[in-house]
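Reviewing the structure listed below.
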Amino acid sequence: MARNPKITFIGAGSTVFMKNIVGDVLQRPSLSGATIALMDINPQRLEESAIVVNKLIATIGVKAKAETHSDQRKALAGADFVVVAFQIGGYEPCTVTDFEVPKKYGLRQTIADTLGVGGIMRGLRTVPHLWNICEDMLAVCPQAIMLQYVNPMAINTWAISEKYPEIRQVGLCHSVQGTAMELAHDLDLPYEEIRYRSAGINHMAFYLKFEHRQPDGSYRDLYPDLVRAYREGRAPKPGWNPRCPNKVRYEMLTRLGYFVTESSEHFAEYTPYFIKEGRPDLIEKYGIPLDEYPKRCIEQIERWKDQAQAYRSAQRIEVEESKEYASSIMNSVWTGEPSVIYGNVRNNGCITSLPRDCAAEVPCLVDASGIQPTYIGDLPPQLTALIRTNINVQELTVRALMTENREHIYHAAMMDPHTAAELDLDQIWSLVDDLLAAHGDWLPAWARVGRKTEAA
């Protein structure tokens, strides 16, 4: 009898996200008998997630079974796939700290989970926990594939490949397919008729091609249509969040000739052009939602109270297919049926104009052999130049983690495009001191003392 896969969720208390992945998994015949091992440090969230999984299994009518664990290594034992989704330090205190401390220096952020001082701090908090999972995987499931959904994605992926190159891992994000759907909607075209090719780094990849299939089977470049729609005020159309009108990316399309895959609210803080102290005109013109991520966190916490109760009392939990790649990857590895996904992996020369050791986001073929990145070559020079400004920050953060050299935290902040556009060197140094002090025990021991304290 064929063996069924074991799928372990670390951070299973991210219930809504976990529900989407498990819902996708259980609808695939090859995975429908899986053992779903749920692990979280929060007993209440773990119990809520177990209720959801068991109701999904009953609703779909499959033979899968769920287990719950508070011990990470036990949850990982014998796993075939490891899905990681957690936020170290949560909304309170850590996200609040990442926003409020820089604000005292006049440094404003929108999301602060990928780059900037917020992204650097999140990387320092998060990577040691990912490394800990890698240690346990090498001990109890060395061949498992880690599907990593944690931000800062590029820093995390880079740090794992640097310290544990033998771990089979991919960083996953839904921005490539999500943005392609948005653009198709902006142009009133069916998403199924769009063909695209994207490459870069997580949250700063670009569509090198964005085309529409014609009735005769040929493809037409859609970039002229996107530029025209923006100039004529027909795009972007209103999206799911009225606070985020998506103008930044369209503006950058007119300057670079290519459209970036992550949202305007993210992109505004990866560059020095849009958020500037004393320039409210820019904030208004491009609709930049300052402090957006804390607002979303508060809304999410509120929503979850009702949602958790609804899940507890529901007899059935209906499932819709999500746009996440996880179940597609698992199905391809388990059955050998090939698929193509966009994944974050060690570059290794896929994008020849970026460093070999950085984390690149490229199309990957998935089959029984695992995840195989495809060759891209050089990116257009203006895209390479912009992406490198972000890689500088990622590289120095990873270097700080690998060498436990606190100096590199300051260097990373110095190189950040948005931070450097707003603050002078003394302010940057002082801000990093304040953030390290405020985060305290959430950081690894070597990073906990600020530079001034050390010198005293």
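The chains in the structure tokens are called A, B, ... from first to last as shown; in each chain the residues are counted from 1, and the ligands are counted from 1 in the order shown.
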
In range 4-93 of chain A, DSSP helix (DSSP H, G or I) residues written as an NGL selection string: :A and (15-26 or 29-31 or 43-60 or 72-76 or 90-93)

Just the residues within 10 Å of Thr254 in chain A, please, counting only C-alpha atoms, with nothing from its chain fewer than 6 positions along; format it as an mmCIF file with N, CA, C and O atoms, in the first residue's frame.
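Okay, out_9.cif is ready:
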data_model
loop_
_atom_site.group_PDB
_atom_site.id
_atom_site.type_symbol
_atom_site.label_atom_id
_atom_site.label_comp_id
_atom_site.auth_asym_id
_atom_site.auth_seq_id
_atom_site.Cartn_x
_atom_site.Cartn_y
_atom_site.Cartn_z
ATOM 1 N N TYR A 223 2.540 45.728 -21.810
ATOM 2 C CA TYR A 223 3.112 46.895 -21.138
ATOM 3 C C TYR A 223 2.595 48.228 -21.709
ATOM 4 O O TYR A 223 2.253 49.137 -20.933
ATOM 5 N N PRO A 224 2.500 48.395 -23.039
ATOM 6 C CA PRO A 224 1.953 49.663 -23.550
ATOM 7 C C PRO A 224 0.528 49.935 -23.040
ATOM 8 O O PRO A 224 0.180 51.067 -22.718
ATOM 9 N N LEU A 226 -0.762 48.902 -20.161
ATOM 10 C CA LEU A 226 -0.718 49.264 -18.735
ATOM 11 C C LEU A 226 -0.314 50.731 -18.559
ATOM 12 O O LEU A 226 -0.917 51.458 -17.767
ATOM 13 N N VAL A 227 0.701 51.162 -19.308
ATOM 14 C CA VAL A 227 1.148 52.562 -19.222
ATOM 15 C C VAL A 227 0.025 53.499 -19.663
ATOM 16 O O VAL A 227 -0.268 54.508 -18.999
ATOM 17 N N ARG A 228 -0.634 53.151 -20.762
ATOM 18 C CA ARG A 228 -1.722 53.999 -21.282
ATOM 19 C C ARG A 228 -2.868 54.068 -20.268
ATOM 20 O O ARG A 228 -3.417 55.144 -19.992
ATOM 21 N N TYR A 230 -2.742 53.778 -17.071
ATOM 22 C CA TYR A 230 -2.326 54.614 -15.938
ATOM 23 C C TYR A 230 -2.384 56.091 -16.310
ATOM 24 O O TYR A 230 -2.934 56.912 -15.565
ATOM 25 N N ARG A 231 -1.842 56.437 -17.471
ATOM 26 C CA ARG A 231 -1.810 57.842 -17.883
ATOM 27 C C ARG A 231 -3.225 58.400 -18.080
ATOM 28 O O ARG A 231 -3.476 59.574 -17.863
#

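Counting only C-alpha atoms and comparing A:Pro289, A:Pro294, A:Gly343, A:Gly178, the residue that lies closest to Met153 in chain A is A:Gly343.
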
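Closest approach to Trp334 in chain A among A:Thr157, A:Leu31, A:Trp446, A:Thr8: A:Leu31, based on only C-alpha atoms.
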
Contacts of Ile88 in chain A at 10 Å (only C-alpha atoms; same-chain gap of 5+ positions) as a list in words: Gly11, Pro93, Cys94, Thr95, Arg122, Gly123, Leu124, Arg125, Thr126, Val127, His129, Val150, Asn151, Trp442 and Leu443 of chain A

Non-local contacts of range 69-74 of chain A (10 Å; only C-alpha atoms; under 3 positions in same chain excluded) as a list in words: Thr8, Phe9, Ile10, Gly11, Ala12, Ala37, Leu38, Met39, Asp40, Ile41, Asn42, Pro43, Leu46, Ala77, Gly78, Ala79, Asn132, Ile133, Glu135, Asp136, Met137, Ala139, Val140 and Cys141 of chain A

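In this comparison, which uses only C-alpha atoms, the residue of A:Glu284, A:Glu324, A:Glu251, A:Glu337 approaching Val25 in chain A most closely is A:Glu324.
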
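The spacing separating CA of Arg255 in chain A from CA of Gly287 in chain A amounts to 18.1 Å.
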
Neighbours of range 158-162 of chain A within 6 Å (only C-alpha atoms; same-chain residues fewer than 3 positions away dropped), as a PDB file with N, CA, C and O atoms, in the first residue's frame?
ATOM      1  N   ILE A 155      15.953  37.612   3.401  1.00  0.00           N
ATOM      2  CA  ILE A 155      16.966  37.460   4.455  1.00  0.00           C
ATOM      3  C   ILE A 155      16.916  36.034   5.012  1.00  0.00           C
ATOM      4  O   ILE A 155      17.947  35.383   5.197  1.00  0.00           O
ATOM      5  N   PRO A 165      23.234  24.612   4.056  1.00  0.00           N
ATOM      6  CA  PRO A 165      23.035  24.447   2.609  1.00  0.00           C
ATOM      7  C   PRO A 165      22.401  23.102   2.239  1.00  0.00           C
ATOM      8  O   PRO A 165      21.826  22.967   1.166  1.00  0.00           O
ATOM      9  N   CYS A 358      22.966  35.361  -3.123  1.00  0.00           N
ATOM     10  CA  CYS A 358      21.748  36.032  -2.654  1.00  0.00           C
ATOM     11  C   CYS A 358      20.539  35.114  -2.850  1.00  0.00           C
ATOM     12  O   CYS A 358      20.622  34.093  -3.530  1.00  0.00           O
ATOM     13  N   ALA A 359      19.421  35.490  -2.246  1.00  0.00           N
ATOM     14  CA  ALA A 359      18.179  34.740  -2.433  1.00  0.00           C
ATOM     15  C   ALA A 359      17.433  35.357  -3.609  1.00  0.00           C
ATOM     16  O   ALA A 359      17.025  36.522  -3.553  1.00  0.00           O
ATOM     17  N   VAL A 398      22.440  39.264   6.963  1.00  0.00           N
ATOM     18  CA  VAL A 398      22.855  37.853   7.023  1.00  0.00           C
ATOM     19  C   VAL A 398      24.277  37.744   7.554  1.00  0.00           C
ATOM     20  O   VAL A 398      24.592  36.862   8.368  1.00  0.00           O
TER      21      VAL A 398
END

Spatial neighbours of Val333 in chain A, 12 Å, only C-alpha atoms, chain gap at least 3 places, as a PyMOL selection string: chain A and resi 5+30-31+80-81+143-145+326-330+336-340+365-372

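When the distance limit is 10 Å and only C-alpha atoms are what count, the residues near Ala184 in chain A, minus those fewer than 3 positions from it on the same chain, are Thr179, Ala180, Met181, Leu187, Asp188, Leu189, Pro190, Tyr191, Glu192, Glu193, Ile194, Phe210, Glu211, His212, Leu222 and Leu226 of chain A.
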
Keeping only all heavy atoms, write the selected residues to a file as a tab-separated table (two decimals), in the first residue's frame.
chain	number	residue	atom	x	y	z
A	179	THR	N	-0.27	39.69	-8.08
A	179	THR	CA	-0.16	40.92	-8.87
A	179	THR	C	-0.58	40.69	-10.31
A	179	THR	O	-1.24	41.55	-10.93
A	179	THR	CB	1.28	41.48	-8.80
A	179	THR	OG1	1.52	41.93	-7.47
A	179	THR	CG2	1.48	42.64	-9.76
A	180	ALA	N	-0.22	39.54	-10.87
A	180	ALA	CA	-0.64	39.24	-12.25
A	180	ALA	C	-2.16	39.25	-12.36
A	180	ALA	O	-2.73	39.75	-13.34
A	180	ALA	CB	-0.08	37.88	-12.68
A	181	MET	N	-2.83	38.73	-11.33
A	181	MET	CA	-4.31	38.76	-11.32
A	181	MET	C	-4.83	40.20	-11.25
A	181	MET	O	-5.79	40.56	-11.93
A	181	MET	CB	-4.83	37.95	-10.13
A	181	MET	CG	-4.64	36.45	-10.25
A	181	MET	SD	-5.06	35.59	-8.70
A	181	MET	CE	-4.49	33.92	-9.10
A	187	LEU	N	-6.87	45.60	-16.63
A	187	LEU	CA	-7.02	45.68	-18.10
A	187	LEU	C	-8.28	44.97	-18.60
A	187	LEU	O	-8.48	44.82	-19.81
A	187	LEU	CB	-5.79	45.07	-18.78
A	187	LEU	CG	-4.47	45.83	-18.59
A	187	LEU	CD1	-3.31	45.08	-19.23
A	187	LEU	CD2	-4.55	47.25	-19.15
A	188	ASP	N	-9.13	44.50	-17.66
A	188	ASP	CA	-10.36	43.77	-18.02
A	188	ASP	C	-10.07	42.55	-18.89
A	188	ASP	O	-10.79	42.28	-19.86
A	188	ASP	CB	-11.35	44.70	-18.74
A	188	ASP	CG	-11.84	45.81	-17.82
A	188	ASP	OD1	-12.24	45.50	-16.68
A	188	ASP	OD2	-11.83	46.99	-18.24
A	189	LEU	N	-9.04	41.82	-18.54
A	189	LEU	CA	-8.67	40.61	-19.29
A	189	LEU	C	-8.77	39.40	-18.37
A	189	LEU	O	-8.48	39.49	-17.18
A	189	LEU	CB	-7.23	40.71	-19.83
A	189	LEU	CG	-6.98	41.78	-20.89
A	189	LEU	CD1	-5.48	41.91	-21.15
A	189	LEU	CD2	-7.72	41.44	-22.19
A	190	PRO	N	-9.15	38.22	-18.92
A	190	PRO	CA	-9.18	37.02	-18.09
A	190	PRO	C	-7.76	36.60	-17.70
A	190	PRO	O	-6.87	36.52	-18.56
A	190	PRO	CB	-9.82	35.95	-19.00
A	190	PRO	CG	-10.39	36.69	-20.17
A	190	PRO	CD	-9.61	37.97	-20.29
A	191	TYR	N	-7.54	36.34	-16.42
A	191	TYR	CA	-6.22	35.95	-15.94
A	191	TYR	C	-5.70	34.72	-16.68
A	191	TYR	O	-4.49	34.61	-16.94
A	191	TYR	CB	-6.29	35.68	-14.43
A	191	TYR	CG	-5.00	35.13	-13.84
A	191	TYR	CD1	-3.85	35.92	-13.79
A	191	TYR	CD2	-4.93	33.83	-13.36
A	191	TYR	CE1	-2.66	35.43	-13.26
A	191	TYR	CE2	-3.74	33.33	-12.82
A	191	TYR	CZ	-2.62	34.12	-12.77
A	191	TYR	OH	-1.44	33.63	-12.26
A	192	GLU	N	-6.59	33.82	-17.02
A	192	GLU	CA	-6.18	32.56	-17.69
A	192	GLU	C	-5.53	32.83	-19.05
A	192	GLU	O	-4.83	31.98	-19.59
A	192	GLU	CB	-7.39	31.63	-17.91
A	192	GLU	CG	-8.07	31.17	-16.64
A	192	GLU	CD	-8.83	32.29	-15.92
A	192	GLU	OE1	-9.41	33.16	-16.61
A	192	GLU	OE2	-8.81	32.30	-14.68
A	193	GLU	N	-5.76	34.01	-19.61
A	193	GLU	CA	-5.20	34.32	-20.94
A	193	GLU	C	-3.89	35.10	-20.86
A	193	GLU	O	-3.33	35.52	-21.88
A	193	GLU	CB	-6.23	35.13	-21.76
A	193	GLU	CG	-7.49	34.34	-22.07
A	193	GLU	CD	-8.54	35.18	-22.80
A	193	GLU	OE1	-8.23	36.32	-23.22
A	193	GLU	OE2	-9.68	34.69	-22.93
A	194	ILE	N	-3.40	35.30	-19.62
A	194	ILE	CA	-2.16	36.07	-19.43
A	194	ILE	C	-0.96	35.12	-19.36
A	194	ILE	O	-1.04	34.05	-18.75
A	194	ILE	CB	-2.23	36.88	-18.11
A	194	ILE	CG1	-3.43	37.85	-18.12
A	194	ILE	CG2	-0.93	37.64	-17.86
A	194	ILE	CD1	-3.33	38.96	-19.12
A	210	PHE	N	4.98	40.38	-19.89
A	210	PHE	CA	3.59	40.35	-19.43
A	210	PHE	C	2.72	40.46	-20.68
A	210	PHE	O	2.65	41.52	-21.30
A	210	PHE	CB	3.32	41.50	-18.45
A	210	PHE	CG	2.09	41.27	-17.62
A	210	PHE	CD1	2.14	40.44	-16.51
A	210	PHE	CD2	0.88	41.86	-17.97
A	210	PHE	CE1	1.00	40.20	-15.76
A	210	PHE	CE2	-0.26	41.63	-17.22
A	210	PHE	CZ	-0.20	40.80	-16.11
A	211	GLU	N	2.11	39.35	-21.06
A	211	GLU	CA	1.51	39.24	-22.40
A	211	GLU	C	0.11	38.64	-22.35
A	211	GLU	O	-0.25	37.94	-21.40
A	211	GLU	CB	2.40	38.35	-23.28
A	211	GLU	CG	3.83	38.86	-23.43
A	211	GLU	CD	4.76	37.83	-24.07
A	211	GLU	OE1	4.59	36.61	-23.82
A	211	GLU	OE2	5.65	38.25	-24.84
A	212	HIS	N	-0.65	38.90	-23.43
A	212	HIS	CA	-2.01	38.38	-23.57
A	212	HIS	C	-2.09	37.46	-24.79
A	212	HIS	O	-1.65	37.84	-25.88
A	212	HIS	CB	-3.00	39.55	-23.72
A	212	HIS	CG	-4.41	39.12	-23.87
A	212	HIS	ND1	-5.31	39.72	-24.73
A	212	HIS	CD2	-5.10	38.12	-23.26
A	212	HIS	CE1	-6.49	39.12	-24.65
A	212	HIS	NE2	-6.39	38.15	-23.76
A	222	LEU	N	1.65	43.50	-23.12
A	222	LEU	CA	0.64	44.33	-22.46
A	222	LEU	C	1.22	45.57	-21.80
A	222	LEU	O	0.47	46.39	-21.27
A	222	LEU	CB	-0.11	43.50	-21.41
A	222	LEU	CG	-1.08	42.46	-21.97
A	222	LEU	CD1	-1.65	41.62	-20.84
A	222	LEU	CD2	-2.21	43.12	-22.75
A	226	LEU	N	-0.76	48.90	-20.16
A	226	LEU	CA	-0.72	49.26	-18.74
A	226	LEU	C	-0.31	50.73	-18.56
A	226	LEU	O	-0.92	51.46	-17.77
A	226	LEU	CB	0.27	48.35	-17.99
A	226	LEU	CG	-0.21	46.92	-17.74
A	226	LEU	CD1	0.95	46.04	-17.27
A	226	LEU	CD2	-1.35	46.87	-16.73

As a PDB file with N, CA and C atoms, in the first residue's frame, please: every residue in range 174-279 of chain A that a backbone DSSP assignment puts in strand (DSSP E).
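Dumped to part34.pdb:
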ATOM      1  N   ILE A 194      -3.398  35.304 -19.617  1.00  0.00           N
ATOM      2  CA  ILE A 194      -2.159  36.070 -19.426  1.00  0.00           C
ATOM      3  C   ILE A 194      -0.964  35.118 -19.357  1.00  0.00           C
ATOM      4  N   ARG A 195       0.144  35.517 -19.975  1.00  0.00           N
ATOM      5  CA  ARG A 195       1.406  34.786 -19.843  1.00  0.00           C
ATOM      6  C   ARG A 195       2.451  35.769 -19.322  1.00  0.00           C
ATOM      7  N   TYR A 196       3.208  35.334 -18.315  1.00  0.00           N
ATOM      8  CA  TYR A 196       4.224  36.243 -17.769  1.00  0.00           C
ATOM      9  C   TYR A 196       5.460  35.465 -17.350  1.00  0.00           C
ATOM     10  N   ARG A 197       6.551  36.207 -17.236  1.00  0.00           N
ATOM     11  CA  ARG A 197       7.797  35.666 -16.699  1.00  0.00           C
ATOM     12  C   ARG A 197       8.369  36.721 -15.768  1.00  0.00           C
ATOM     13  N   SER A 198       8.656  36.312 -14.540  1.00  0.00           N
ATOM     14  CA  SER A 198       9.088  37.265 -13.529  1.00  0.00           C
ATOM     15  C   SER A 198      10.408  36.799 -12.928  1.00  0.00           C
ATOM     16  N   ALA A 199      11.237  37.750 -12.483  1.00  0.00           N
ATOM     17  CA  ALA A 199      12.486  37.384 -11.807  1.00  0.00           C
ATOM     18  C   ALA A 199      12.998  38.578 -11.014  1.00  0.00           C
ATOM     19  N   GLY A 200      13.769  38.277  -9.974  1.00  0.00           N
ATOM     20  CA  GLY A 200      14.361  39.308  -9.123  1.00  0.00           C
ATOM     21  C   GLY A 200      14.599  38.736  -7.746  1.00  0.00           C
ATOM     22  N   ILE A 201      14.221  39.511  -6.711  1.00  0.00           N
ATOM     23  CA  ILE A 201      14.282  39.027  -5.340  1.00  0.00           C
ATOM     24  C   ILE A 201      12.869  39.127  -4.762  1.00  0.00           C
ATOM     25  N   MET A 204      10.743  42.281  -4.716  1.00  0.00           N
ATOM     26  CA  MET A 204      11.236  43.170  -5.757  1.00  0.00           C
ATOM     27  C   MET A 204      11.670  42.342  -6.963  1.00  0.00           C
ATOM     28  N   ALA A 205      10.703  41.563  -7.450  1.00  0.00           N
ATOM     29  CA  ALA A 205      10.880  40.891  -8.741  1.00  0.00           C
ATOM     30  C   ALA A 205      10.066  41.689  -9.761  1.00  0.00           C
ATOM     31  N   PHE A 206      10.407  41.548 -11.019  1.00  0.00           N
ATOM     32  CA  PHE A 206       9.728  42.307 -12.077  1.00  0.00           C
ATOM     33  C   PHE A 206       9.249  41.358 -13.174  1.00  0.00           C
ATOM     34  N   TYR A 207       8.117  41.708 -13.777  1.00  0.00           N
ATOM     35  CA  TYR A 207       7.649  40.932 -14.932  1.00  0.00           C
ATOM     36  C   TYR A 207       8.503  41.299 -16.143  1.00  0.00           C
ATOM     37  N   LEU A 208       9.359  40.372 -16.538  1.00  0.00           N
ATOM     38  CA  LEU A 208      10.190  40.610 -17.720  1.00  0.00           C
ATOM     39  C   LEU A 208       9.339  40.521 -18.978  1.00  0.00           C
ATOM     40  N   LYS A 209       8.272  39.702 -18.889  1.00  0.00           N
ATOM     41  CA  LYS A 209       7.268  39.634 -19.953  1.00  0.00           C
ATOM     42  C   LYS A 209       5.901  39.648 -19.295  1.00  0.00           C
ATOM     43  N   PHE A 210       4.982  40.380 -19.891  1.00  0.00           N
ATOM     44  CA  PHE A 210       3.593  40.351 -19.431  1.00  0.00           C
ATOM     45  C   PHE A 210       2.722  40.460 -20.680  1.00  0.00           C
ATOM     46  N   GLU A 211       2.109  39.349 -21.060  1.00  0.00           N
ATOM     47  CA  GLU A 211       1.507  39.242 -22.399  1.00  0.00           C
ATOM     48  C   GLU A 211       0.110  38.640 -22.348  1.00  0.00           C
ATOM     49  N   HIS A 212      -0.650  38.897 -23.429  1.00  0.00           N
ATOM     50  CA  HIS A 212      -2.013  38.376 -23.566  1.00  0.00           C
ATOM     51  C   HIS A 212      -2.092  37.463 -24.787  1.00  0.00           C
ATOM     52  N   ARG A 213      -2.646  36.268 -24.551  1.00  0.00           N
ATOM     53  CA  ARG A 213      -2.774  35.315 -25.664  1.00  0.00           C
ATOM     54  C   ARG A 213      -3.883  35.776 -26.618  1.00  0.00           C
ATOM     55  N   TYR A 219       1.100  35.976 -28.907  1.00  0.00           N
ATOM     56  CA  TYR A 219       1.011  36.756 -27.667  1.00  0.00           C
ATOM     57  C   TYR A 219       1.323  38.218 -27.923  1.00  0.00           C
ATOM     58  N   ARG A 220       0.587  39.102 -27.230  1.00  0.00           N
ATOM     59  CA  ARG A 220       0.760  40.544 -27.391  1.00  0.00           C
ATOM     60  C   ARG A 220       1.289  41.149 -26.094  1.00  0.00           C
ATOM     61  N   ASP A 221       2.314  41.992 -26.205  1.00  0.00           N
ATOM     62  CA  ASP A 221       2.903  42.662 -25.045  1.00  0.00           C
ATOM     63  C   ASP A 221       1.878  43.617 -24.437  1.00  0.00           C
TER      64      ASP A 221
END

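Nearest to Lys323 in chain A of all the residues A:His418, A:His174, A:Lys104, A:Lys6 is A:His174, based on only C-alpha atoms.
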
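Counting from CA of Val170 in chain A, the distance to CA of Val16 in chain A is 21.0 Å.
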